[in-house]
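To keep things clear, I will list the structure first and then write my remarks on it.
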Number of protein chains: 2
Amino acid sequence: MNAYPPILRDLIRRLSKLPGLGEKSATRVAMHLLQCPREDAESLAEVIRQMRDRVRTCPRCFHFTDGELCSICADPARDTGELCVVESTADLLALEQSGAFRGRYHVLQGALAPLDAVGPDDIRIRELMRRVDEEQVKEVIIATNPSNEGEATAHYLLQLLKDRPLKISRIAYGIPMGGDLKYTDRITLERALKGRQNFA
Amino acid sequence: MNAYPPILRDLIRRLSKLPGLGEKSATRVAMHLLQCPREDAESLAEVIRQMRDRVRTCPRCFHFTDGELCSICADPARDTGELCVVESTADLLALEQSGAFRGRYHVLQGALAPLDAVGPDDIRIRELMRRVDEEQVKEVIIATNPSNEGEATAHYLLQLLKDRPLKISRIAYGIPMGGDLKYTDRITLERALKGRQNFA
């Protein structure tokens with residue numbers, strides 16, 4: 001590393017702090033940035049800076065937006081009365097890419113994690129309850145992750161919502177498409193059995 | 001992707017063009033840049049821009065530098081008369097990190113590749129010959145990669161250098177430390193046998 005000029009070492013150090021990049025991949029990216037057309041490197045730097053100025057969270061659903069409301073909240077066609085609750089924007093994106101949901105989302109920006117001192121006031125649960133009361137929500141679809149935190153959050157939301165006059169559902173957890181029962185872990189099999197559906 | 005603001009999509013697109021990053025890892029990095037402390041994202045942008053202004057190649061050995069000569073060429077302690085010829089700065093760095101070489105380098109910035117129309121004039125061979133003639137070079141150590149291009153380059157250099165009054169050597173290619181003969185490919189085994197050394 002000492003054979004590199006200090007600014008290059010600094011770049012590699014900063015890049016290697018990014019998620020998924022270690023020192024080797026950071027060095028590779030730095031070499032690329034050094035050798036690619038100059039305007040490519042400069043526009044990347046510019047976009048990183050501008051992005052921090054322009055992108056904020058949607059005040060309604062806490063998804064990212066560069067305007068007032070995010071593109072999903074601003075789209076009247078998505079006012080279906082279905083509200084899908086996810087932990088993070090990345091989860092929202094995964095669902096969006098599937099194209100299977102045409103309603104709106106609510107991003108909790110986290111999940112309940114008592115061991116890490118993340119309680120109901122630390123994630124966007126209060127805002128969710130306000131939306132449920134103020135918007136024409138007919139169904140809340142809980143789509144938290146099948147982890148301890150996601151489960152805890154789902155059960156907490158169920159308790160909060162169960163007395164309201166709306167449908168509450170949860171996405172299905174089970175064997176993934178292309179999966180193989182003999183290689184599937186015990187807990188997933190248990191969930192798949194519990195969630196079995198009758199042939200119509 | 002369409003659920004993201006355009007500037008974020010632009011950032012993800014640019015990041016996913018970096019070596020080793022696909023769309024998923026680029027998205028993860030973009031999310032991190034959006035959520036990390038603002039000054040971290042801004043300094044990364046700043047360092048990428050400054051690096052392009054400050055870093056150039058050493059006019060003597062073609063390694064990266066931010067000064068006149070690179071740190072290795074500028075270090076009088078490394079004037080050992082040994083000149084190690086590598087294809088790229090990344091190869092130089094790997095050798096530097098091993099700590100096994102205390103002489104100077106010459107970075108070819110590529111290797112001969114007739115099929116891709118990379119000939120002797122496209123890489124820093126002329127500059128190497130000038131150094132061999134002008135500097136007090138006692139030994140040229142060829143450390144090109146064991147690929148078709150690296151082999152071709154090594155043989156070409158050998159032809160060019162063989163009539164000069166200096167030692168020409170080539171780093172050893174063989175079984176890597178921790179390797180296992182039974183899992184080693186045929187060509188490596190052949191090289192390892194060819195390169196066998198007598199017990200002293």
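Residues are referred to by chain and number: the chain letter is A, B, ... according to the order shown in the structure tokens, the number counts from 1 in that chain, and ligands are numbered separately from 1 in the order shown.
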*Would you give me, as a VMD selection string, the residues of chain B that come within 7 Å of chain A, using only C-alpha atoms?*
chain B and resid 1 3 to 5 7 to 8 11 14 18 to 20 25 28 to 29 34 41 to 42 44 to 49 51 to 52 64 to 66 71 to 72 93
*asked:* Considering only helix (DSSP H, G or I) as DSSP defines it on the backbone, what residues of chain B qualify? List them as JSON, numbers by chain.
replied: {"B": [6, 7, 8, 9, 10, 11, 12, 13, 14, 15, 23, 24, 25, 26, 27, 28, 29, 30, 31, 32, 33, 34, 35, 38, 39, 40, 41, 42, 43, 44, 45, 46, 47, 48, 49, 50, 51, 52, 53, 54, 76, 77, 78, 89, 90, 91, 92, 93, 94, 95, 96, 97, 98, 114, 115, 116, 120, 121, 122, 125, 126, 127, 128, 129, 130, 131, 132, 133, 134, 148, 149, 150, 151, 152, 153, 154, 155, 156, 157, 158, 159, 160, 161, 181, 182, 183, 186, 187, 188, 189, 190, 191, 192, 193, 194]}
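Of the listed residues A:Arg196, A:Arg126, A:Arg78, A:Arg104, the one whose atoms come nearest to A:Leu160 is A:Arg126, with distances taken using only C-alpha atoms.
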*asked:* Set the distance at 12 Å and use only C-alpha atoms: which residues neighbour A:Leu157 once local chain neighbours fewer than 6 positions away are removed? I'd like the list as a PyMOL selection string.
replied: chain A and resi 85-86+108+111-112+120+123-126+128-129+132+140-144+150-151+163-164+168-170
*List every residue of stretch 44-138 of chain A that DSSP, applied to the backbone, labels as strand (DSSP E), and write the result as a PyMOL selection string.*
chain A and resi 56-57+64-65+82-86+104-107
Would you save the residues of that selection, restricted to C-alpha atoms, as a CSV table (one decimal), in the first residue's frame?
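result-v7.csv was written with the following content:
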```
chain,number,residue,atom,x,y,z
A,56,ARG,CA,-34.9,12.7,0.9
A,57,THR,CA,-37.5,10.3,2.4
A,64,PHE,CA,-36.8,7.7,-1.0
A,65,THR,CA,-37.9,10.6,-3.2
A,82,GLU,CA,-53.7,-1.9,0.2
A,83,LEU,CA,-50.8,-0.9,2.4
A,84,CYS,CA,-47.7,-3.1,2.4
A,85,VAL,CA,-45.5,-2.7,5.4
A,86,VAL,CA,-41.8,-3.4,4.8
A,104,ARG,CA,-48.8,1.5,-1.6
A,105,TYR,CA,-46.0,0.9,0.9
A,106,HIS,CA,-45.0,1.9,4.4
A,107,VAL,CA,-41.3,1.7,5.1
```
*Between atom CA of A:Leu166 and atom CA of A:Gly103, measure the distance and give it in Å to one decimal.*
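Separation of atom CA of A:Leu166 and atom CA of A:Gly103: 15.1 Å.
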_Using only C-alpha atoms, which protein or nucleic acid residues come within 12 Å of B:Pro165? Drop anything in the same chain fewer than 5 positions from it, and give the result as a ChimeraX atom specification._
/B:132-133,136-140
For the residues in the current selection, export all heavy atoms as an mmCIF file, in the first residue's frame.
```cif
data_model
loop_
_atom_site.group_PDB
_atom_site.id
_atom_site.type_symbol
_atom_site.label_atom_id
_atom_site.label_comp_id
_atom_site.auth_asym_id
_atom_site.auth_seq_id
_atom_site.Cartn_x
_atom_site.Cartn_y
_atom_site.Cartn_z
ATOM 1 N N VAL B 132 17.271 0.427 -19.527
ATOM 2 C CA VAL B 132 18.313 -0.607 -19.444
ATOM 3 C C VAL B 132 19.641 -0.025 -19.926
ATOM 4 O O VAL B 132 20.695 -0.300 -19.353
ATOM 5 C CB VAL B 132 17.903 -1.836 -20.285
ATOM 6 C CG1 VAL B 132 19.081 -2.778 -20.492
ATOM 7 C CG2 VAL B 132 16.754 -2.566 -19.611
ATOM 8 N N ASP B 133 19.560 0.806 -20.965
ATOM 9 C CA ASP B 133 20.798 1.378 -21.497
ATOM 10 C C ASP B 133 21.333 2.533 -20.660
ATOM 11 O O ASP B 133 22.543 2.707 -20.542
ATOM 12 C CB ASP B 133 20.579 1.859 -22.942
ATOM 13 C CG ASP B 133 20.347 0.684 -23.884
ATOM 14 O OD1 ASP B 133 20.821 -0.430 -23.555
ATOM 15 O OD2 ASP B 133 19.677 0.866 -24.913
ATOM 16 N N GLN B 136 22.000 2.103 -14.366
ATOM 17 C CA GLN B 136 22.973 1.062 -14.025
ATOM 18 C C GLN B 136 22.250 -0.254 -13.744
ATOM 19 O O GLN B 136 22.291 -0.769 -12.626
ATOM 20 C CB GLN B 136 23.766 1.492 -12.781
ATOM 21 C CG GLN B 136 24.455 2.839 -12.912
ATOM 22 C CD GLN B 136 25.601 2.785 -13.914
ATOM 23 O OE1 GLN B 136 26.345 1.805 -13.958
ATOM 24 N NE2 GLN B 136 25.736 3.805 -14.752
ATOM 25 N N VAL B 137 21.595 -0.803 -14.753
ATOM 26 C CA VAL B 137 20.823 -2.024 -14.535
ATOM 27 C C VAL B 137 21.740 -3.237 -14.640
ATOM 28 O O VAL B 137 22.419 -3.427 -15.641
ATOM 29 C CB VAL B 137 19.676 -2.134 -15.557
ATOM 30 C CG1 VAL B 137 18.929 -3.450 -15.383
ATOM 31 C CG2 VAL B 137 18.711 -0.964 -15.407
ATOM 32 N N LYS B 138 21.751 -4.043 -13.552
ATOM 33 C CA LYS B 138 22.591 -5.252 -13.587
ATOM 34 C C LYS B 138 21.759 -6.495 -13.886
ATOM 35 O O LYS B 138 22.252 -7.466 -14.438
ATOM 36 C CB LYS B 138 23.299 -5.442 -12.235
ATOM 37 C CG LYS B 138 24.223 -4.290 -11.851
ATOM 38 C CD LYS B 138 25.122 -4.701 -10.680
ATOM 39 C CE LYS B 138 25.630 -3.487 -9.918
ATOM 40 N NZ LYS B 138 24.680 -3.065 -8.845
ATOM 41 N N GLU B 139 20.491 -6.448 -13.447
ATOM 42 C CA GLU B 139 19.652 -7.625 -13.672
ATOM 43 C C GLU B 139 18.228 -7.193 -14.016
ATOM 44 O O GLU B 139 17.662 -6.331 -13.337
ATOM 45 C CB GLU B 139 19.622 -8.518 -12.417
ATOM 46 C CG GLU B 139 18.691 -9.710 -12.570
ATOM 47 C CD GLU B 139 18.741 -10.696 -11.406
ATOM 48 O OE1 GLU B 139 19.508 -10.458 -10.451
ATOM 49 O OE2 GLU B 139 18.006 -11.690 -11.459
ATOM 50 N N VAL B 140 17.680 -7.776 -15.071
ATOM 51 C CA VAL B 140 16.270 -7.557 -15.400
ATOM 52 C C VAL B 140 15.509 -8.813 -14.996
ATOM 53 O O VAL B 140 15.823 -9.913 -15.456
ATOM 54 C CB VAL B 140 16.069 -7.274 -16.905
ATOM 55 C CG1 VAL B 140 14.584 -7.235 -17.247
ATOM 56 C CG2 VAL B 140 16.727 -5.956 -17.295
#
```
*Residue nearest B:Gln109 - candidates B:Thr153, B:Ser16, B:Thr80, B:Gln197, atoms counted: only C-alpha atoms*: B:Thr153
*Find the distance between atom CA of B:Gly195 and atom CA of B:Leu115 and write it in Å to one decimal.*
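That distance, rounded to one decimal, is 28.4 Å.
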_Give me, as a list in words, all polymer residues having an atom no more than 7 Å from B:Thr188, counting only C-alpha atoms and skipping those fewer than 4 positions away in the same chain._
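Once the adjacent positions are removed, what remains is Gly174, Ile175, Thr184 and Ala192 of chain B.
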